[in-house]
file work36.txt (compact mmCIF, N, CA and C atoms)
# COMPACT_ATOMS: atom_id res chain seq x y z
N MET A 1229 5.41 20.31 -23.80
CA MET A 1229 6.12 19.36 -22.97
C MET A 1229 5.18 18.64 -22.00
N ALA A 1230 4.16 19.34 -21.53
CA ALA A 1230 3.24 18.72 -20.58
C ALA A 1230 2.52 17.53 -21.21
N GLY A 1231 2.20 17.64 -22.49
CA GLY A 1231 1.53 16.54 -23.17
C GLY A 1231 2.39 15.29 -23.19
N ARG A 1232 3.70 15.46 -23.39
CA ARG A 1232 4.60 14.31 -23.41
C ARG A 1232 4.71 13.65 -22.05
N ALA A 1233 4.68 14.44 -21.01
CA ALA A 1233 4.82 13.89 -19.67
C ALA A 1233 3.65 12.96 -19.33
N THR A 1234 2.47 13.27 -19.83
CA THR A 1234 1.31 12.43 -19.54
C THR A 1234 1.15 11.31 -20.53
N GLY A 1235 1.81 11.40 -21.69
CA GLY A 1235 1.66 10.38 -22.70
C GLY A 1235 0.38 10.55 -23.50
N GLN A 1236 -0.35 11.64 -23.25
CA GLN A 1236 -1.62 11.88 -23.92
C GLN A 1236 -1.67 13.32 -24.42
N PRO A 1237 -0.90 13.63 -25.46
CA PRO A 1237 -0.82 15.01 -25.92
C PRO A 1237 -2.17 15.53 -26.39
N GLY A 1238 -2.49 16.72 -25.91
CA GLY A 1238 -3.67 17.42 -26.39
C GLY A 1238 -4.98 17.04 -25.73
N GLN A 1239 -5.04 15.96 -24.98
CA GLN A 1239 -6.31 15.55 -24.38
C GLN A 1239 -6.83 16.57 -23.37
N ARG A 1240 -5.95 17.12 -22.56
CA ARG A 1240 -6.38 18.13 -21.59
C ARG A 1240 -6.86 19.37 -22.33
N ALA A 1241 -6.17 19.74 -23.42
CA ALA A 1241 -6.58 20.90 -24.20
C ALA A 1241 -7.98 20.70 -24.79
N ILE A 1242 -8.24 19.50 -25.29
CA ILE A 1242 -9.58 19.19 -25.83
C ILE A 1242 -10.62 19.25 -24.71
N ALA A 1243 -10.29 18.67 -23.56
CA ALA A 1243 -11.22 18.69 -22.43
C ALA A 1243 -11.49 20.13 -21.98
N ASN A 1244 -10.45 20.96 -21.94
CA ASN A 1244 -10.63 22.36 -21.58
C ASN A 1244 -11.52 23.06 -22.58
N HIS A 1245 -11.30 22.81 -23.87
CA HIS A 1245 -12.11 23.43 -24.94
C HIS A 1245 -13.58 23.04 -24.78
N LEU A 1246 -13.84 21.82 -24.34
CA LEU A 1246 -15.21 21.34 -24.15
C LEU A 1246 -15.75 21.67 -22.76
N ALA A 1247 -14.96 22.39 -21.97
CA ALA A 1247 -15.33 22.80 -20.60
C ALA A 1247 -15.58 21.59 -19.69
N LEU A 1248 -14.79 20.53 -19.89
CA LEU A 1248 -14.90 19.35 -19.04
C LEU A 1248 -13.95 19.46 -17.87
N ALA A 1249 -14.44 19.17 -16.70
CA ALA A 1249 -13.60 19.21 -15.50
C ALA A 1249 -12.62 18.05 -15.52
N PRO A 1250 -11.45 18.21 -14.92
CA PRO A 1250 -10.50 17.09 -14.84
C PRO A 1250 -11.13 15.93 -14.07
N LEU A 1251 -10.81 14.72 -14.51
CA LEU A 1251 -11.30 13.54 -13.81
C LEU A 1251 -10.54 13.38 -12.51
N THR A 1252 -11.24 12.94 -11.50
CA THR A 1252 -10.58 12.66 -10.23
C THR A 1252 -10.80 11.18 -9.90
N ALA A 1253 -9.75 10.55 -9.48
CA ALA A 1253 -9.84 9.14 -9.11
C ALA A 1253 -10.23 9.05 -7.64
N PRO A 1254 -11.07 8.07 -7.30
CA PRO A 1254 -11.40 7.92 -5.88
C PRO A 1254 -10.17 7.48 -5.10
N ARG A 1255 -10.11 7.89 -3.87
CA ARG A 1255 -8.99 7.50 -3.02
C ARG A 1255 -9.13 6.03 -2.62
N THR A 1256 -8.01 5.38 -2.37
CA THR A 1256 -8.01 3.96 -2.05
C THR A 1256 -8.91 3.65 -0.87
N HIS A 1257 -8.85 4.48 0.16
CA HIS A 1257 -9.66 4.25 1.35
C HIS A 1257 -11.14 4.24 1.00
N GLN A 1258 -11.57 5.15 0.14
CA GLN A 1258 -12.98 5.21 -0.26
C GLN A 1258 -13.37 3.97 -1.07
N ILE A 1259 -12.49 3.51 -1.93
CA ILE A 1259 -12.75 2.29 -2.71
C ILE A 1259 -12.96 1.11 -1.76
N LEU A 1260 -12.10 0.99 -0.76
CA LEU A 1260 -12.21 -0.12 0.19
C LEU A 1260 -13.50 -0.04 1.00
N LEU A 1261 -13.89 1.16 1.41
CA LEU A 1261 -15.13 1.31 2.17
C LEU A 1261 -16.34 0.92 1.35
N THR A 1262 -16.28 1.14 0.05
CA THR A 1262 -17.37 0.77 -0.84
C THR A 1262 -17.36 -0.73 -1.15
N ALA A 1263 -16.17 -1.29 -1.34
CA ALA A 1263 -16.05 -2.70 -1.74
C ALA A 1263 -16.29 -3.67 -0.59
N ALA A 1264 -15.97 -3.27 0.62
CA ALA A 1264 -16.05 -4.19 1.76
C ALA A 1264 -17.44 -4.81 1.92
N PRO A 1265 -18.52 -4.02 1.98
CA PRO A 1265 -19.85 -4.63 2.16
C PRO A 1265 -20.23 -5.59 1.03
N ALA A 1266 -19.79 -5.30 -0.19
CA ALA A 1266 -20.09 -6.18 -1.32
C ALA A 1266 -19.43 -7.55 -1.14
N ALA A 1267 -18.39 -7.60 -0.34
CA ALA A 1267 -17.69 -8.87 -0.07
C ALA A 1267 -18.12 -9.46 1.28
N GLY A 1268 -19.14 -8.87 1.90
CA GLY A 1268 -19.62 -9.37 3.18
C GLY A 1268 -18.78 -8.95 4.37
N LEU A 1269 -17.99 -7.88 4.20
CA LEU A 1269 -17.12 -7.40 5.28
C LEU A 1269 -17.66 -6.10 5.85
N THR A 1270 -17.21 -5.76 7.05
CA THR A 1270 -17.59 -4.51 7.70
C THR A 1270 -16.66 -3.40 7.22
N ALA A 1271 -17.24 -2.39 6.60
CA ALA A 1271 -16.45 -1.30 6.01
C ALA A 1271 -15.54 -0.62 7.03
N VAL A 1272 -16.03 -0.39 8.23
CA VAL A 1272 -15.23 0.31 9.24
C VAL A 1272 -14.00 -0.50 9.62
N LYS A 1273 -14.15 -1.82 9.77
CA LYS A 1273 -13.01 -2.67 10.13
C LYS A 1273 -11.98 -2.70 9.00
N VAL A 1274 -12.45 -2.82 7.77
CA VAL A 1274 -11.53 -2.84 6.62
C VAL A 1274 -10.82 -1.50 6.52
N GLY A 1275 -11.58 -0.41 6.67
CA GLY A 1275 -10.98 0.93 6.60
C GLY A 1275 -9.94 1.16 7.67
N ALA A 1276 -10.21 0.69 8.89
CA ALA A 1276 -9.25 0.86 9.99
C ALA A 1276 -7.97 0.07 9.72
N ALA A 1277 -8.14 -1.16 9.24
CA ALA A 1277 -6.96 -1.98 8.94
C ALA A 1277 -6.15 -1.35 7.83
N TRP A 1278 -6.83 -0.80 6.82
CA TRP A 1278 -6.14 -0.14 5.71
C TRP A 1278 -5.36 1.07 6.20
N ARG A 1279 -5.99 1.90 7.02
CA ARG A 1279 -5.30 3.11 7.50
C ARG A 1279 -4.03 2.76 8.27
N ALA A 1280 -4.11 1.75 9.12
CA ALA A 1280 -2.92 1.35 9.89
C ALA A 1280 -1.82 0.85 8.97
N ALA A 1281 -2.18 -0.02 8.02
CA ALA A 1281 -1.16 -0.56 7.11
C ALA A 1281 -0.61 0.52 6.19
N SER A 1282 -1.47 1.42 5.74
CA SER A 1282 -1.03 2.52 4.88
C SER A 1282 -0.08 3.44 5.64
N GLY A 1283 -0.44 3.76 6.87
CA GLY A 1283 0.44 4.60 7.68
C GLY A 1283 1.79 3.95 7.91
N PHE A 1284 1.77 2.65 8.17
CA PHE A 1284 3.01 1.91 8.35
C PHE A 1284 3.85 1.97 7.07
N ALA A 1285 3.21 1.73 5.93
CA ALA A 1285 3.92 1.71 4.65
C ALA A 1285 4.50 3.07 4.30
N HIS A 1286 3.85 4.14 4.75
CA HIS A 1286 4.32 5.49 4.43
C HIS A 1286 5.20 6.09 5.53
N GLY A 1287 5.60 5.26 6.48
CA GLY A 1287 6.56 5.69 7.50
C GLY A 1287 6.00 6.58 8.58
N ARG A 1288 4.72 6.57 8.79
CA ARG A 1288 4.14 7.36 9.88
C ARG A 1288 4.39 6.63 11.19
N TYR A 1289 4.60 7.38 12.25
CA TYR A 1289 5.02 6.75 13.50
C TYR A 1289 3.91 6.04 14.25
N TRP A 1290 2.66 6.52 14.19
CA TRP A 1290 1.61 5.92 15.03
C TRP A 1290 1.33 4.47 14.71
N PRO A 1291 1.29 4.03 13.43
CA PRO A 1291 1.06 2.60 13.22
C PRO A 1291 2.24 1.75 13.68
N ASN A 1292 3.44 2.34 13.62
CA ASN A 1292 4.61 1.59 14.10
C ASN A 1292 4.50 1.35 15.60
N LEU A 1293 3.99 2.33 16.31
CA LEU A 1293 3.82 2.16 17.75
C LEU A 1293 2.70 1.17 18.05
N ARG A 1294 1.63 1.22 17.26
CA ARG A 1294 0.49 0.33 17.46
C ARG A 1294 0.84 -1.12 17.14
N ALA A 1295 1.63 -1.32 16.11
CA ALA A 1295 1.90 -2.67 15.61
C ALA A 1295 3.26 -3.19 16.04
N SER A 1296 3.76 -2.74 17.17
CA SER A 1296 5.08 -3.18 17.57
C SER A 1296 5.17 -3.35 19.08
N GLN A 1297 6.21 -4.04 19.46
CA GLN A 1297 6.52 -4.23 20.87
C GLN A 1297 7.89 -3.62 21.15
N PRO A 1298 7.99 -2.73 22.14
CA PRO A 1298 9.30 -2.18 22.47
C PRO A 1298 10.21 -3.25 23.06
N ARG A 1299 11.48 -3.24 22.65
CA ARG A 1299 12.43 -4.23 23.16
C ARG A 1299 13.57 -3.59 23.95
N ALA A 1300 13.88 -2.34 23.64
CA ALA A 1300 14.98 -1.68 24.36
C ALA A 1300 14.86 -0.17 24.19
N ALA A 1301 15.40 0.56 25.15
CA ALA A 1301 15.50 2.02 25.07
C ALA A 1301 16.92 2.40 25.45
N ILE A 1302 17.60 3.07 24.56
CA ILE A 1302 19.00 3.42 24.78
C ILE A 1302 19.11 4.94 24.92
N PRO A 1303 19.53 5.41 26.08
CA PRO A 1303 19.64 6.86 26.26
C PRO A 1303 20.82 7.43 25.46
N GLY A 1304 20.58 8.56 24.84
CA GLY A 1304 21.64 9.24 24.10
C GLY A 1304 22.26 10.33 24.95
N ALA A 1305 23.40 10.82 24.54
CA ALA A 1305 24.13 11.85 25.29
C ALA A 1305 23.33 13.15 25.35
N ASP A 1306 22.47 13.39 24.35
CA ASP A 1306 21.72 14.64 24.29
C ASP A 1306 20.35 14.54 24.97
N GLY A 1307 20.11 13.47 25.71
CA GLY A 1307 18.85 13.30 26.41
C GLY A 1307 17.76 12.64 25.57
N VAL A 1308 18.06 12.34 24.33
CA VAL A 1308 17.11 11.67 23.44
C VAL A 1308 17.35 10.16 23.54
N HIS A 1309 16.28 9.40 23.60
CA HIS A 1309 16.38 7.95 23.68
C HIS A 1309 16.10 7.32 22.33
N THR A 1310 16.82 6.28 22.01
CA THR A 1310 16.55 5.46 20.83
C THR A 1310 15.80 4.24 21.31
N VAL A 1311 14.66 3.96 20.69
CA VAL A 1311 13.83 2.84 21.10
C VAL A 1311 13.87 1.78 20.01
N ALA A 1312 14.15 0.54 20.42
CA ALA A 1312 14.14 -0.59 19.49
C ALA A 1312 12.76 -1.24 19.55
N LEU A 1313 12.13 -1.39 18.38
CA LEU A 1313 10.80 -1.97 18.30
C LEU A 1313 10.83 -3.23 17.44
N VAL A 1314 9.99 -4.18 17.76
CA VAL A 1314 9.80 -5.38 16.94
C VAL A 1314 8.38 -5.30 16.40
N ILE A 1315 8.25 -5.37 15.07
CA ILE A 1315 6.94 -5.27 14.43
C ILE A 1315 6.18 -6.59 14.62
N ASP A 1316 4.94 -6.46 15.04
CA ASP A 1316 4.06 -7.61 15.23
C ASP A 1316 3.23 -7.77 13.95
N GLU A 1317 3.61 -8.73 13.10
CA GLU A 1317 2.94 -8.88 11.82
C GLU A 1317 1.48 -9.31 11.98
N ASP A 1318 1.10 -9.82 13.14
CA ASP A 1318 -0.30 -10.17 13.36
C ASP A 1318 -1.20 -8.95 13.29
N GLN A 1319 -0.64 -7.77 13.52
CA GLN A 1319 -1.42 -6.54 13.42
C GLN A 1319 -1.86 -6.28 11.97
N HIS A 1320 -1.08 -6.77 11.01
CA HIS A 1320 -1.43 -6.54 9.60
C HIS A 1320 -2.17 -7.72 8.98
N ARG A 1321 -2.28 -8.82 9.71
CA ARG A 1321 -2.95 -10.01 9.19
C ARG A 1321 -4.41 -9.75 8.81
N PRO A 1322 -5.20 -9.00 9.61
CA PRO A 1322 -6.60 -8.76 9.21
C PRO A 1322 -6.71 -8.12 7.82
N LEU A 1323 -5.84 -7.16 7.52
CA LEU A 1323 -5.92 -6.52 6.19
C LEU A 1323 -5.62 -7.54 5.09
N ALA A 1324 -4.64 -8.40 5.32
CA ALA A 1324 -4.32 -9.42 4.32
C ALA A 1324 -5.53 -10.34 4.10
N GLU A 1325 -6.20 -10.71 5.18
CA GLU A 1325 -7.38 -11.56 5.07
C GLU A 1325 -8.52 -10.83 4.36
N TYR A 1326 -8.73 -9.55 4.70
CA TYR A 1326 -9.78 -8.78 4.02
C TYR A 1326 -9.50 -8.69 2.52
N CYS A 1327 -8.25 -8.45 2.17
CA CYS A 1327 -7.88 -8.34 0.75
C CYS A 1327 -8.16 -9.66 0.02
N CYS A 1328 -7.80 -10.78 0.64
CA CYS A 1328 -8.05 -12.09 0.02
C CYS A 1328 -9.54 -12.31 -0.19
N ILE A 1329 -10.35 -11.96 0.80
CA ILE A 1329 -11.80 -12.13 0.69
C ILE A 1329 -12.35 -11.26 -0.44
N MET A 1330 -11.92 -10.00 -0.49
CA MET A 1330 -12.43 -9.10 -1.54
C MET A 1330 -11.97 -9.55 -2.93
N LEU A 1331 -10.75 -10.02 -3.04
CA LEU A 1331 -10.27 -10.51 -4.34
C LEU A 1331 -11.01 -11.78 -4.76
N ARG A 1332 -11.29 -12.67 -3.80
CA ARG A 1332 -12.07 -13.87 -4.12
C ARG A 1332 -13.46 -13.49 -4.61
N ARG A 1333 -14.09 -12.53 -3.93
CA ARG A 1333 -15.43 -12.08 -4.32
C ARG A 1333 -15.39 -11.47 -5.72
N LEU A 1334 -14.38 -10.69 -6.00
CA LEU A 1334 -14.23 -10.08 -7.32
C LEU A 1334 -14.07 -11.17 -8.39
N GLN A 1335 -13.25 -12.16 -8.10
CA GLN A 1335 -13.05 -13.26 -9.04
C GLN A 1335 -14.35 -14.02 -9.28
N GLU A 1336 -15.12 -14.25 -8.23
CA GLU A 1336 -16.41 -14.94 -8.37
C GLU A 1336 -17.35 -14.15 -9.27
N ARG A 1337 -17.37 -12.84 -9.08
CA ARG A 1337 -18.27 -11.99 -9.89
C ARG A 1337 -17.84 -11.98 -11.35
N TYR A 1338 -16.54 -11.87 -11.61
CA TYR A 1338 -16.06 -11.90 -13.00
C TYR A 1338 -16.35 -13.26 -13.64
N HIS A 1339 -16.16 -14.33 -12.88
CA HIS A 1339 -16.43 -15.66 -13.41
C HIS A 1339 -17.92 -15.80 -13.76
N ALA A 1340 -18.79 -15.34 -12.87
CA ALA A 1340 -20.22 -15.42 -13.12
C ALA A 1340 -20.61 -14.61 -14.36
N ARG A 1341 -20.03 -13.44 -14.53
CA ARG A 1341 -20.32 -12.62 -15.71
C ARG A 1341 -19.81 -13.28 -16.98
N ALA A 1342 -18.66 -13.92 -16.89
CA ALA A 1342 -18.10 -14.59 -18.08
C ALA A 1342 -18.97 -15.79 -18.46
N GLN A 1343 -19.48 -16.50 -17.47
CA GLN A 1343 -20.34 -17.65 -17.74
C GLN A 1343 -21.69 -17.23 -18.32
N ALA A 1344 -22.14 -16.05 -17.97
CA ALA A 1344 -23.44 -15.56 -18.45
C ALA A 1344 -23.40 -15.16 -19.92
N ARG A 1345 -22.24 -14.97 -20.47
CA ARG A 1345 -22.12 -14.53 -21.88
C ARG A 1345 -22.27 -15.66 -22.82
call {"tool": "encode", "arguments": {"input": "work36.txt", "output": "C-alpha cells"}}
result
Amino acid sequence: MAGRATGQPGQRAIANHLALAPLTAPRTHQILLTAAPAAGLTAVKVGAAWRAASGFAHGRYWPNLRASQPRAAIPGADGVHTVALVIDEDQHRPLAEYCCIMLRRLQERYHARAQAR
C-alpha cells in the first residue's frame, strides 16, 4: 500500500537494497538564501522577508503583530480582550519584489542557456 501512496511502487525497496539514503529536499528558506546573492540581493533581507510572510501564511501570531496596526480592543466578560488588527500589506511588499527579481534573473539565465544551444 505504501508504494501506491507515493505513486512509485518499489523504488524505496530498491534504494534500501542498494543501501541508498532517502533523498532530502532543501527547505525553502535555504533555497532562498542561496538564490538571493545570484540575483544581486542580500540573503539576510530575503530570508527575513520570507520568514515573516511564511509565518503569516501559516497562522503564526508574531508576523501578524509585526505586519498589522491595532484598531480596537474589546474586553470580554472573562477578562480576555479581542483585538482587531488591520494587515499592512506594505510589510509583505519587499518579499514580492525579491521574488520578482529572482524570477527575472532565472528567466534571463534560462534564456541565455537556450540561446547558447
call {"tool": "residues_around", "arguments": {"input": "work36.txt", "residues": "region 1267-1282 of chain A", "least_positions_apart": "6", "cutoff": "10 Å", "atoms": "only C-alpha atoms", "output": "MDAnalysis selection string"}}
result
chainID A and resid 1256:1261 1288 1290:1292 1294:1295 1319:1327 1329:1334
call {"tool": "select_by_dssp", "arguments": {"input": "work36.txt", "residues": "chain A", "states": "helix (DSSP H, G or I)", "output": "ChimeraX atom specification"}}
result
/A:1230-1234,1239-1245,1256-1266,1271-1285,1289-1294,1317-1319,1321-1344
call {"tool": "atom_distance", "arguments": {"input": "work36.txt", "atom1": "CA of Arg1341 (chain A)", "atom2": "CA of Thr1252 (chain A)"}}
result
27.6 Å
call {"tool": "build_atoms", "arguments": {"input": "work36.txt", "residues": "region 1278-1289 of chain A", "atoms": "all heavy atoms", "output": "PDB file, keeping the file's coordinate frame"}}
result
ATOM      1  N   TRP A1278      -6.830  -0.800   6.820  1.00  0.00           N
ATOM      2  CA  TRP A1278      -6.140  -0.140   5.710  1.00  0.00           C
ATOM      3  C   TRP A1278      -5.360   1.070   6.200  1.00  0.00           C
ATOM      4  O   TRP A1278      -4.211   1.273   5.838  1.00  0.00           O
ATOM      5  CB  TRP A1278      -7.127   0.283   4.625  1.00  0.00           C
ATOM      6  CG  TRP A1278      -6.456   1.138   3.608  1.00  0.00           C
ATOM      7  CD1 TRP A1278      -6.541   2.494   3.482  1.00  0.00           C
ATOM      8  CD2 TRP A1278      -5.538   0.718   2.590  1.00  0.00           C
ATOM      9  NE1 TRP A1278      -5.752   2.932   2.453  1.00  0.00           N
ATOM     10  CE2 TRP A1278      -5.125   1.863   1.889  1.00  0.00           C
ATOM     11  CE3 TRP A1278      -5.032  -0.526   2.213  1.00  0.00           C
ATOM     12  CZ2 TRP A1278      -4.231   1.806   0.830  1.00  0.00           C
ATOM     13  CZ3 TRP A1278      -4.151  -0.580   1.159  1.00  0.00           C
ATOM     14  CH2 TRP A1278      -3.764   0.567   0.486  1.00  0.00           C
ATOM     15  N   ARG A1279      -5.990   1.900   7.020  1.00  0.00           N
ATOM     16  CA  ARG A1279      -5.300   3.110   7.500  1.00  0.00           C
ATOM     17  C   ARG A1279      -4.030   2.760   8.270  1.00  0.00           C
ATOM     18  O   ARG A1279      -2.999   3.405   8.106  1.00  0.00           O
ATOM     19  CB  ARG A1279      -6.234   3.956   8.365  1.00  0.00           C
ATOM     20  CG  ARG A1279      -7.244   4.717   7.554  1.00  0.00           C
ATOM     21  CD  ARG A1279      -7.870   5.822   8.396  1.00  0.00           C
ATOM     22  NE  ARG A1279      -8.926   6.473   7.685  1.00  0.00           N
ATOM     23  CZ  ARG A1279      -8.749   7.508   6.874  1.00  0.00           C
ATOM     24  NH1 ARG A1279      -7.551   7.971   6.662  1.00  0.00           N
ATOM     25  NH2 ARG A1279      -9.770   8.069   6.278  1.00  0.00           N
ATOM     26  N   ALA A1280      -4.110   1.750   9.120  1.00  0.00           N
ATOM     27  CA  ALA A1280      -2.920   1.350   9.890  1.00  0.00           C
ATOM     28  C   ALA A1280      -1.820   0.850   8.970  1.00  0.00           C
ATOM     29  O   ALA A1280      -0.660   1.248   9.094  1.00  0.00           O
ATOM     30  CB  ALA A1280      -3.301   0.286  10.915  1.00  0.00           C
ATOM     31  N   ALA A1281      -2.180  -0.020   8.020  1.00  0.00           N
ATOM     32  CA  ALA A1281      -1.160  -0.560   7.110  1.00  0.00           C
ATOM     33  C   ALA A1281      -0.610   0.520   6.190  1.00  0.00           C
ATOM     34  O   ALA A1281       0.580   0.566   5.908  1.00  0.00           O
ATOM     35  CB  ALA A1281      -1.758  -1.702   6.281  1.00  0.00           C
ATOM     36  N   SER A1282      -1.470   1.420   5.740  1.00  0.00           N
ATOM     37  CA  SER A1282      -1.030   2.520   4.880  1.00  0.00           C
ATOM     38  C   SER A1282      -0.080   3.440   5.640  1.00  0.00           C
ATOM     39  O   SER A1282       0.960   3.850   5.114  1.00  0.00           O
ATOM     40  CB  SER A1282      -2.237   3.299   4.364  1.00  0.00           C
ATOM     41  OG  SER A1282      -1.829   4.399   3.589  1.00  0.00           O
ATOM     42  N   GLY A1283      -0.440   3.760   6.870  1.00  0.00           N
ATOM     43  CA  GLY A1283       0.440   4.600   7.680  1.00  0.00           C
ATOM     44  C   GLY A1283       1.790   3.950   7.910  1.00  0.00           C
ATOM     45  O   GLY A1283       2.835   4.600   7.840  1.00  0.00           O
ATOM     46  N   PHE A1284       1.770   2.650   8.170  1.00  0.00           N
ATOM     47  CA  PHE A1284       3.010   1.910   8.350  1.00  0.00           C
ATOM     48  C   PHE A1284       3.850   1.970   7.070  1.00  0.00           C
ATOM     49  O   PHE A1284       5.046   2.250   7.104  1.00  0.00           O
ATOM     50  CB  PHE A1284       2.695   0.466   8.723  1.00  0.00           C
ATOM     51  CG  PHE A1284       3.907  -0.405   8.857  1.00  0.00           C
ATOM     52  CD1 PHE A1284       4.695  -0.345   9.986  1.00  0.00           C
ATOM     53  CD2 PHE A1284       4.260  -1.286   7.849  1.00  0.00           C
ATOM     54  CE1 PHE A1284       5.814  -1.146  10.123  1.00  0.00           C
ATOM     55  CE2 PHE A1284       5.379  -2.090   7.966  1.00  0.00           C
ATOM     56  CZ  PHE A1284       6.152  -2.021   9.106  1.00  0.00           C
ATOM     57  N   ALA A1285       3.210   1.730   5.930  1.00  0.00           N
ATOM     58  CA  ALA A1285       3.920   1.710   4.650  1.00  0.00           C
ATOM     59  C   ALA A1285       4.500   3.070   4.300  1.00  0.00           C
ATOM     60  O   ALA A1285       5.534   3.162   3.638  1.00  0.00           O
ATOM     61  CB  ALA A1285       2.976   1.247   3.534  1.00  0.00           C
ATOM     62  N   HIS A1286       3.850   4.140   4.750  1.00  0.00           N
ATOM     63  CA  HIS A1286       4.320   5.490   4.430  1.00  0.00           C
ATOM     64  C   HIS A1286       5.200   6.090   5.530  1.00  0.00           C
ATOM     65  O   HIS A1286       5.491   7.280   5.514  1.00  0.00           O
ATOM     66  CB  HIS A1286       3.137   6.408   4.134  1.00  0.00           C
ATOM     67  CG  HIS A1286       2.438   6.046   2.866  1.00  0.00           C
ATOM     68  ND1 HIS A1286       2.939   6.376   1.626  1.00  0.00           N
ATOM     69  CD2 HIS A1286       1.300   5.341   2.636  1.00  0.00           C
ATOM     70  CE1 HIS A1286       2.124   5.909   0.696  1.00  0.00           C
ATOM     71  NE2 HIS A1286       1.130   5.270   1.274  1.00  0.00           N
ATOM     72  N   GLY A1287       5.600   5.260   6.480  1.00  0.00           N
ATOM     73  CA  GLY A1287       6.560   5.690   7.500  1.00  0.00           C
ATOM     74  C   GLY A1287       6.000   6.580   8.580  1.00  0.00           C
ATOM     75  O   GLY A1287       6.746   7.287   9.247  1.00  0.00           O
ATOM     76  N   ARG A1288       4.720   6.570   8.790  1.00  0.00           N
ATOM     77  CA  ARG A1288       4.140   7.360   9.880  1.00  0.00           C
ATOM     78  C   ARG A1288       4.390   6.630  11.190  1.00  0.00           C
ATOM     79  O   ARG A1288       4.383   5.412  11.245  1.00  0.00           O
ATOM     80  CB  ARG A1288       2.668   7.583   9.616  1.00  0.00           C
ATOM     81  CG  ARG A1288       2.488   8.363   8.314  1.00  0.00           C
ATOM     82  CD  ARG A1288       1.146   8.993   8.195  1.00  0.00           C
ATOM     83  NE  ARG A1288       1.088   9.775   6.974  1.00  0.00           N
ATOM     84  CZ  ARG A1288       0.802   9.272   5.774  1.00  0.00           C
ATOM     85  NH1 ARG A1288       0.566   7.996   5.633  1.00  0.00           N
ATOM     86  NH2 ARG A1288       0.750  10.064   4.725  1.00  0.00           N
ATOM     87  N   TYR A1289       4.600   7.380  12.250  1.00  0.00           N
ATOM     88  CA  TYR A1289       5.020   6.750  13.500  1.00  0.00           C
ATOM     89  C   TYR A1289       3.910   6.040  14.250  1.00  0.00           C
ATOM     90  O   TYR A1289       4.143   5.034  14.901  1.00  0.00           O
ATOM     91  CB  TYR A1289       5.688   7.779  14.422  1.00  0.00           C
ATOM     92  CG  TYR A1289       4.736   8.786  14.989  1.00  0.00           C
ATOM     93  CD1 TYR A1289       4.065   8.548  16.174  1.00  0.00           C
ATOM     94  CD2 TYR A1289       4.486   9.990  14.336  1.00  0.00           C
ATOM     95  CE1 TYR A1289       3.177   9.456  16.698  1.00  0.00           C
ATOM     96  CE2 TYR A1289       3.595  10.904  14.851  1.00  0.00           C
ATOM     97  CZ  TYR A1289       2.947  10.637  16.025  1.00  0.00           C
ATOM     98  OH  TYR A1289       2.065  11.528  16.526  1.00  0.00           O
TER      99      TYR A1289
END
